[in-house]
$ cat query13.pdb   # PDB, C-alpha atoms
ATOM      1  CA  MET A 194      40.811 -16.541 -11.581
ATOM      2  CA  ILE A 195      38.184 -15.863  -8.934
ATOM      3  CA  ARG A 196      37.970 -12.236 -10.030
ATOM      4  CA  MET A 197      37.201 -13.317 -13.587
ATOM      5  CA  LEU A 198      34.551 -15.720 -12.290
ATOM      6  CA  ASP A 199      32.997 -12.938 -10.211
ATOM      7  CA  LYS A 200      32.960 -10.646 -13.259
ATOM      8  CA  LEU A 201      31.259 -13.344 -15.310
ATOM      9  CA  LEU A 202      28.720 -13.949 -12.544
ATOM     10  CA  LEU A 203      28.074 -10.222 -12.271
ATOM     11  CA  PHE A 204      27.502 -10.036 -16.021
ATOM     12  CA  LEU A 205      25.050 -12.980 -15.960
ATOM     13  CA  TYR A 206      23.295 -11.604 -12.883
ATOM     14  CA  SER A 207      22.935  -8.161 -14.452
ATOM     15  CA  LEU A 208      21.620  -9.723 -17.638
ATOM     16  CA  ALA A 209      19.045 -11.830 -15.768
ATOM     17  CA  ILE A 210      17.874  -8.901 -13.636
ATOM     18  CA  GLY A 211      17.702  -6.692 -16.744
ATOM     19  CA  VAL A 212      15.562  -9.227 -18.622
ATOM     20  CA  ALA A 213      13.291  -9.672 -15.591
ATOM     21  CA  ALA A 214      12.923  -5.893 -15.267
ATOM     22  CA  ALA A 215      12.107  -5.545 -18.985
ATOM     23  CA  ILE A 216       9.465  -8.286 -18.767
ATOM     24  CA  ALA A 217       7.949  -6.714 -15.638
ATOM     25  CA  PHE A 218       7.889  -3.308 -17.343
ATOM     26  CA  CYS A 219       6.200  -4.706 -20.458
ATOM     27  CA  ALA A 220       3.616  -6.522 -18.332
ATOM     28  CA  GLY A 221       3.040  -3.376 -16.248
ATOM     29  CA  VAL A 222       2.222  -1.213 -19.273
ATOM     30  CA  TYR A 223       0.011  -3.944 -20.798
ATOM     31  CA  TRP A 224       2.265  -4.734 -23.763
ATOM     32  CA  PHE A 225       1.650  -8.452 -23.262
ATOM     33  CA  PRO A 226      -1.881  -9.668 -23.975
ATOM     34  CA  GLU A 227      -3.675 -10.841 -20.850
ATOM     35  CA  GLU A 228      -4.511 -14.161 -22.520
ATOM     36  CA  TRP A 229      -0.843 -14.810 -23.261
ATOM     37  CA  LEU A 230       0.199 -14.177 -19.642
ATOM     38  CA  GLY A 231      -2.727 -16.253 -18.387
ATOM     39  CA  ASN A 232      -1.751 -19.158 -20.650
ATOM     40  CA  LEU A 233       1.889 -18.886 -19.559
ATOM     41  CA  VAL A 234       0.973 -19.063 -15.861
ATOM     42  CA  HIS A 235      -1.547 -21.856 -16.506
ATOM     43  CA  ASN A 236       1.046 -23.885 -18.431
ATOM     44  CA  LEU A 237       3.589 -23.317 -15.690
ATOM     45  CA  TYR A 238       1.284 -24.640 -12.953
ATOM     46  CA  SER A 239      -0.540 -27.343 -14.902
ATOM     47  CA  GLY A 240       2.562 -29.406 -15.602
ATOM     48  CA  ASP A 241       1.712 -29.759 -19.297
ATOM     49  CA  MET A 242       4.960 -28.092 -20.298
ATOM     50  CA  ARG A 243       7.604 -29.751 -18.173
ATOM     51  CA  TRP A 244      10.438 -27.858 -19.939
ATOM     52  CA  LEU A 245       8.892 -24.524 -18.895
ATOM     53  CA  GLN A 246       8.833 -25.548 -15.242
ATOM     54  CA  LEU A 247      12.442 -26.794 -15.391
ATOM     55  CA  THR A 248      13.584 -23.614 -17.115
ATOM     56  CA  VAL A 249      11.906 -21.334 -14.574
ATOM     57  CA  VAL A 250      13.204 -23.337 -11.609
ATOM     58  CA  THR A 251      16.743 -23.534 -13.035
ATOM     59  CA  VAL A 252      16.968 -19.824 -13.836
ATOM     60  CA  ALA A 253      15.556 -18.896 -10.424
ATOM     61  CA  ALA A 254      18.012 -21.212  -8.642
ATOM     62  CA  VAL A 255      21.003 -19.847 -10.592
ATOM     63  CA  VAL A 256      20.020 -16.231  -9.936
ATOM     64  CA  PHE A 257      19.502 -17.038  -6.242
ATOM     65  CA  LEU A 258      22.944 -18.717  -5.986
ATOM     66  CA  ILE A 259      24.603 -15.774  -7.721
ATOM     67  CA  SER A 260      22.821 -13.456  -5.279
ATOM     68  CA  LEU A 261      24.190 -15.469  -2.362
ATOM     69  CA  ARG A 262      27.692 -15.268  -3.846
ATOM     70  CA  PHE A 263      27.500 -11.476  -4.167
ATOM     71  CA  PHE A 264      26.073 -11.214  -0.653
ATOM     72  CA  TYR A 265      29.018 -13.240   0.665
ATOM     73  CA  VAL A 266      31.551 -11.178  -1.308
ATOM     74  CA  SER A 267      30.056  -7.928  -0.012
ATOM     75  CA  LEU A 268      30.328  -9.034   3.631
ATOM     76  CA  ARG A 269      33.699 -10.785   3.441
ATOM     77  CA  ARG A 270      36.738  -8.933   4.650
ATOM     78  CA  SER A 271      39.123  -8.203   1.881
ATOM     79  CA  ASN A 272      42.547  -9.744   2.263
ATOM     80  CA  ALA A 273      43.820  -7.693  -0.620
ATOM     81  CA  SER A 274      45.741  -4.746   0.650
ATOM     82  CA  ALA A 275      47.519  -1.917  -1.041
ATOM     83  CA  PRO A 276      50.450  -3.016  -3.187
ATOM     84  CA  SER A 277      53.599  -3.082  -1.151
ATOM     85  CA  ILE A 278      57.250  -4.003  -1.071
ATOM     86  CA  ASP A 279      57.949  -6.765   1.395
ATOM     87  CA  GLN A 280      61.270  -7.218   3.143
ATOM     88  CA  ARG A 281      62.405  -9.720   5.692
ATOM     89  CA  THR A 282      64.826  -8.671   8.416
ATOM     90  CA  GLU A 283      66.247 -10.523  11.372
ATOM     91  CA  PHE A 284      63.508  -8.953  13.522
ATOM     92  CA  GLY A 285      60.557  -9.730  11.252
ATOM     93  CA  ASP A 286      58.791  -8.624   8.127
ATOM     94  CA  ILE A 287      58.560  -5.065   6.816
ATOM     95  CA  ARG A 288      55.917  -3.952   4.335
ATOM     96  CA  ILE A 289      56.251  -0.565   2.670
ATOM     97  CA  SER A 290      53.334   0.494   0.493
ATOM     98  CA  LEU A 291      53.981   1.821  -2.987
ATOM     99  CA  ASP A 292      52.095   4.955  -1.938
ATOM    100  CA  THR A 293      54.737   5.555   0.714
ATOM    101  CA  VAL A 294      57.531   5.205  -1.835
ATOM    102  CA  GLU A 295      55.635   7.495  -4.207
ATOM    103  CA  ASN A 296      55.299  10.173  -1.529
ATOM    104  CA  LEU A 297      58.996   9.887  -0.657
ATOM    105  CA  ALA A 298      59.906  10.377  -4.318
ATOM    106  CA  LEU A 299      57.603  13.383  -4.610
ATOM    107  CA  LYS A 300      59.025  14.899  -1.433
ATOM    108  CA  ALA A 301      62.604  14.553  -2.680
ATOM    109  CA  ALA A 302      61.762  15.929  -6.123
ATOM    110  CA  ALA A 303      59.801  18.867  -4.720
ATOM    111  CA  ARG A 304      62.893  20.046  -2.836
ATOM    112  CA  GLN A 305      64.581  20.882  -6.137
ATOM    113  CA  ARG A 306      64.290  24.457  -7.323
ATOM    114  CA  GLY A 307      62.634  25.074 -10.641
ATOM    115  CA  VAL A 308      60.119  22.233 -10.567
ATOM    116  CA  LYS A 309      56.356  22.337  -9.974
ATOM    117  CA  ASP A 310      53.308  20.117 -10.295
ATOM    118  CA  LEU A 311      54.941  16.744  -9.705
ATOM    119  CA  LYS A 312      53.332  13.385 -10.245
ATOM    120  CA  ALA A 313      54.960  10.022  -9.622
ATOM    121  CA  ARG A 314      54.409   6.399 -10.510
ATOM    122  CA  ILE A 315      56.241   3.549  -8.812
ATOM    123  CA  ARG A 316      56.825   0.108 -10.282
ATOM    124  CA  ILE A 317      58.720  -2.819  -8.869
ATOM    125  CA  GLY A 318      61.334  -4.104 -11.282
ATOM    126  CA  GLU A 319      63.651  -7.062 -11.063
ATOM    127  CA  SER A 320      66.616  -4.957  -9.996
ATOM    128  CA  GLY A 321      64.727  -2.607  -7.666
ATOM    129  CA  ILE A 322      62.201   0.186  -7.647
ATOM    130  CA  GLU A 323      61.501   2.074 -10.861
ATOM    131  CA  VAL A 324      60.325   5.651 -10.325
ATOM    132  CA  SER A 325      58.669   7.656 -13.098
ATOM    133  CA  LEU A 326      58.172  11.354 -12.451
ATOM    134  CA  ARG A 327      56.180  13.881 -14.443
ATOM    135  CA  ALA A 328      57.038  17.504 -13.768
ATOM    136  CA  ILE A 329      56.531  21.025 -14.965
ATOM    137  CA  ALA A 330      59.721  23.101 -15.010
ATOM    138  CA  ASP A 331      59.973  26.826 -14.370
ATOM    139  CA  GLY A 332      61.743  27.449 -17.677
ATOM    140  CA  GLU A 333      64.504  29.419 -15.969
ATOM    141  CA  SER A 334      66.820  26.496 -15.176
ATOM    142  CA  SER A 335      68.635  24.100 -17.472
ATOM    143  CA  ILE A 336      66.309  21.127 -17.964
ATOM    144  CA  PRO A 337      69.100  18.487 -18.223
ATOM    145  CA  THR A 338      70.686  19.800 -15.003
ATOM    146  CA  LEU A 339      67.302  19.991 -13.272
ATOM    147  CA  THR A 340      66.325  16.440 -14.218
ATOM    148  CA  GLU A 341      69.709  15.034 -13.172
ATOM    149  CA  ASP A 342      69.359  16.772  -9.797
ATOM    150  CA  ILE A 343      65.851  15.352  -9.398
ATOM    151  CA  GLN A 344      67.027  11.848 -10.331
ATOM    152  CA  ARG A 345      69.949  11.997  -7.931
ATOM    153  CA  ALA A 346      67.826  13.393  -5.072
ATOM    154  CA  VAL A 347      64.984  10.902  -5.528
ATOM    155  CA  LYS A 348      67.311   7.909  -5.811
ATOM    156  CA  SER A 349      69.313   8.771  -2.704
ATOM    157  CA  HIS A 350      66.274   9.800  -0.615
ATOM    158  CA  VAL A 351      64.196   6.719  -1.403
ATOM    159  CA  GLU A 352      67.133   4.348  -0.902
ATOM    160  CA  GLU A 353      68.111   6.041   2.363
ATOM    161  CA  ILE A 354      64.598   5.998   3.843
ATOM    162  CA  THR A 355      63.366   2.609   2.624
ATOM    163  CA  GLY A 356      66.590   0.648   2.274
ATOM    164  CA  ILE A 357      65.367  -0.621  -1.100
ATOM    165  CA  PRO A 358      67.557  -0.140  -4.178
ATOM    166  CA  VAL A 359      66.224   2.236  -6.813
ATOM    167  CA  ALA A 360      66.965   0.831 -10.251
ATOM    168  CA  ASN A 361      65.767   3.734 -12.343
ATOM    169  CA  VAL A 362      64.399   7.261 -11.981
ATOM    170  CA  SER A 363      62.922   8.657 -15.162
ATOM    171  CA  VAL A 364      61.786  12.269 -15.358
ATOM    172  CA  PHE A 365      59.390  13.558 -17.965
ATOM    173  CA  VAL A 366      59.224  17.339 -18.224
ATOM    174  CA  ALA A 367      55.716  17.878 -19.520
ATOM    175  CA  ASN A 368      55.797  21.645 -19.860
ATOM    176  CA  ILE A 369      57.205  24.844 -18.439
ATOM    177  CA  ILE A 370      55.421  27.318 -16.237
ATOM    178  CA  GLN A 371      53.916  30.150 -18.209
ATOM    179  CA  THR A 372      54.456  33.346 -16.275
ATOM    180  CA  ALA A 373      52.589  36.432 -17.262
ATOM    181  CA  ASN A 374      54.750  39.514 -17.497
ATOM    182  CA  PHE A 375      52.703  42.554 -16.779
ATOM    183  CA  LYS A 376      54.212  45.926 -17.452
ATOM    184  CA  SER A 377      53.181  48.511 -14.981
ATOM    185  CA  ARG A 378      51.621  51.529 -16.498
ATOM    186  CA  VAL A 379      52.305  54.931 -15.093
ATOM    187  CA  GLU A 380      49.947  57.720 -15.981
TER
END

$ encode --input "query13.pdb" --output "structure tokens"
Amino acid sequence: MIRMLDKLLLFLYSLAIGVAAAIAFCAGVYWFPEEWLGNLVHNLYSGDMRWLQLTVVTVAAVVFLISLRFFYVSLRRSNASAPSIDQRTEFGDIRISLDTVENLALKAAARQRGVKDLKARIRIGESGIEVSLRAIADGESSIPTLTEDIQRAVKSHVEEITGIPVANVSVFVANIIQTANFKSRVE
């Protein structure tokens, strides 16, 4: 909720600063007649147009408050940390980041022969961790056998190291490695 409010405030702040910059630019290149600007300033200070004074004061106060909010947000320490899996043991709490689980899955999958260029994505499901791997195969091995070996290795390695059940390991073979066969030429 607060993030949405901050996005809305940022939008309004950007809009107000953009309008102010456009007005300043137009005044700087003499696009506004001098009489018009003089009358506007005179009406602002004379008190004849009370609505103009209230509008200017209100807009200035809102922009100033939004500026203070952004200043506070920029200096505040962020409590948001990397997404993690939290476990409670008899000795205390354990937090394992999803990046750690991702690296464990990549390490286990990279040990399999016939696979290159691995990428992983980790999600937390209701029954455990869900690992999605994207790989490029060498094209020399059986893809069903290779993917089953990767699934088995990733599941056992991640469960062994983290102690968290792995619900699913899906492997997407995106392509095979294109090897160039060069014939040597003897002259």

$ residues_around --input "query13.pdb" --residues "stretch 211-224 of chain A" --least-positions-apart "6" --cutoff "12 Å" --atoms "all atoms listed in the file" --output "PyMOL selection string"
chain A and resi 203-205+230-231+249+252-253+256

$ resolve_selection --input "query13.pdb" --expression "the PyMOL selection byres ((chain A and resi 339) around 9)" --output "PyMOL selection string"
chain A and resi 305-308+330+334-338+340-344

$ atom_distance --input "query13.pdb" --atom1 "atom CA of A:Ala346" --atom2 "atom CA of A:Leu326"
12.3 Å

$ closest_residue --input "query13.pdb" --among "A:Gly356, A:Pro276, A:Gly285, A:Gly240" --to "A:Ile315" --atoms "only C-alpha atoms"
A:Pro276

$ atom_distance --input "query13.pdb" --atom1 "atom CA of A:Asn368" --atom2 "atom CA of A:Gly321"
28.6 Å

$ resolve_selection --input "query13.pdb" --expression "the PyMOL selection byres ((chain A and resi 298) around 9)" --output "list in words"
Thr293, Val294, Glu295, Asn296, Leu297, Leu299, Lys300, Ala301, Ala302, Ala303, Ala313, Ile315, Val324, Leu326, Ala346, Val347, Lys348, His350 and Val351 of chain A

$ atom_distance --input "query13.pdb" --atom1 "atom CA of A:Ala254" --atom2 "atom CA of A:Ile195"
20.9 Å

$ closest_residue --input "query13.pdb" --among "A:Leu268, A:Val250, A:Ala367, A:Ile322" --to "A:Ile289" --atoms "all atoms listed in the file"
A:Ile322

$ residues_around --input "query13.pdb" --residues "A:Leu311" --least-positions-apart "2" --cutoff "6 Å" --atoms "all atoms listed in the file" --output "PyMOL selection string"
chain A and resi 309+327-328

$ write_last_selection --input "query13.pdb" --atoms "C-alpha atoms" --output "PDB file, in the coordinates of the input"
ATOM      1  CA  LYS A 309      56.356  22.337  -9.974  1.00  0.00           C
ATOM      2  CA  ARG A 327      56.180  13.881 -14.443  1.00  0.00           C
ATOM      3  CA  ALA A 328      57.038  17.504 -13.768  1.00  0.00           C
TER       4      ALA A 328
END

$ residues_around --input "query13.pdb" --residues "A:Tyr206" --least-positions-apart "5" --cutoff "10 Å" --atoms "all atoms listed in the file" --output "JSON, numbers by chain"
{"A": [200, 201, 211, 212, 255, 256, 257, 258, 259, 260, 263]}

$ closest_residue --input "query13.pdb" --among "A:Ile287, A:Ile370, A:Met242, A:Val364" --to "A:Arg314" --atoms "all atoms listed in the file"
A:Val364

$ axis_aligned_box --input "query13.pdb" --around "stretch 195-200 of chain A" --padding-each-side "3 Å" --output "JSON"
{"center_x": 35.6, "center_y": -13.3, "center_z": -11.3, "size_x": 11.2, "size_y": 11.2, "size_z": 10.7}

$ closest_residue --input "query13.pdb" --among "A:Gln246, A:Thr282, A:Ser349, A:Ser325" --to "A:Val366" --atoms "only C-alpha atoms"
A:Ser325
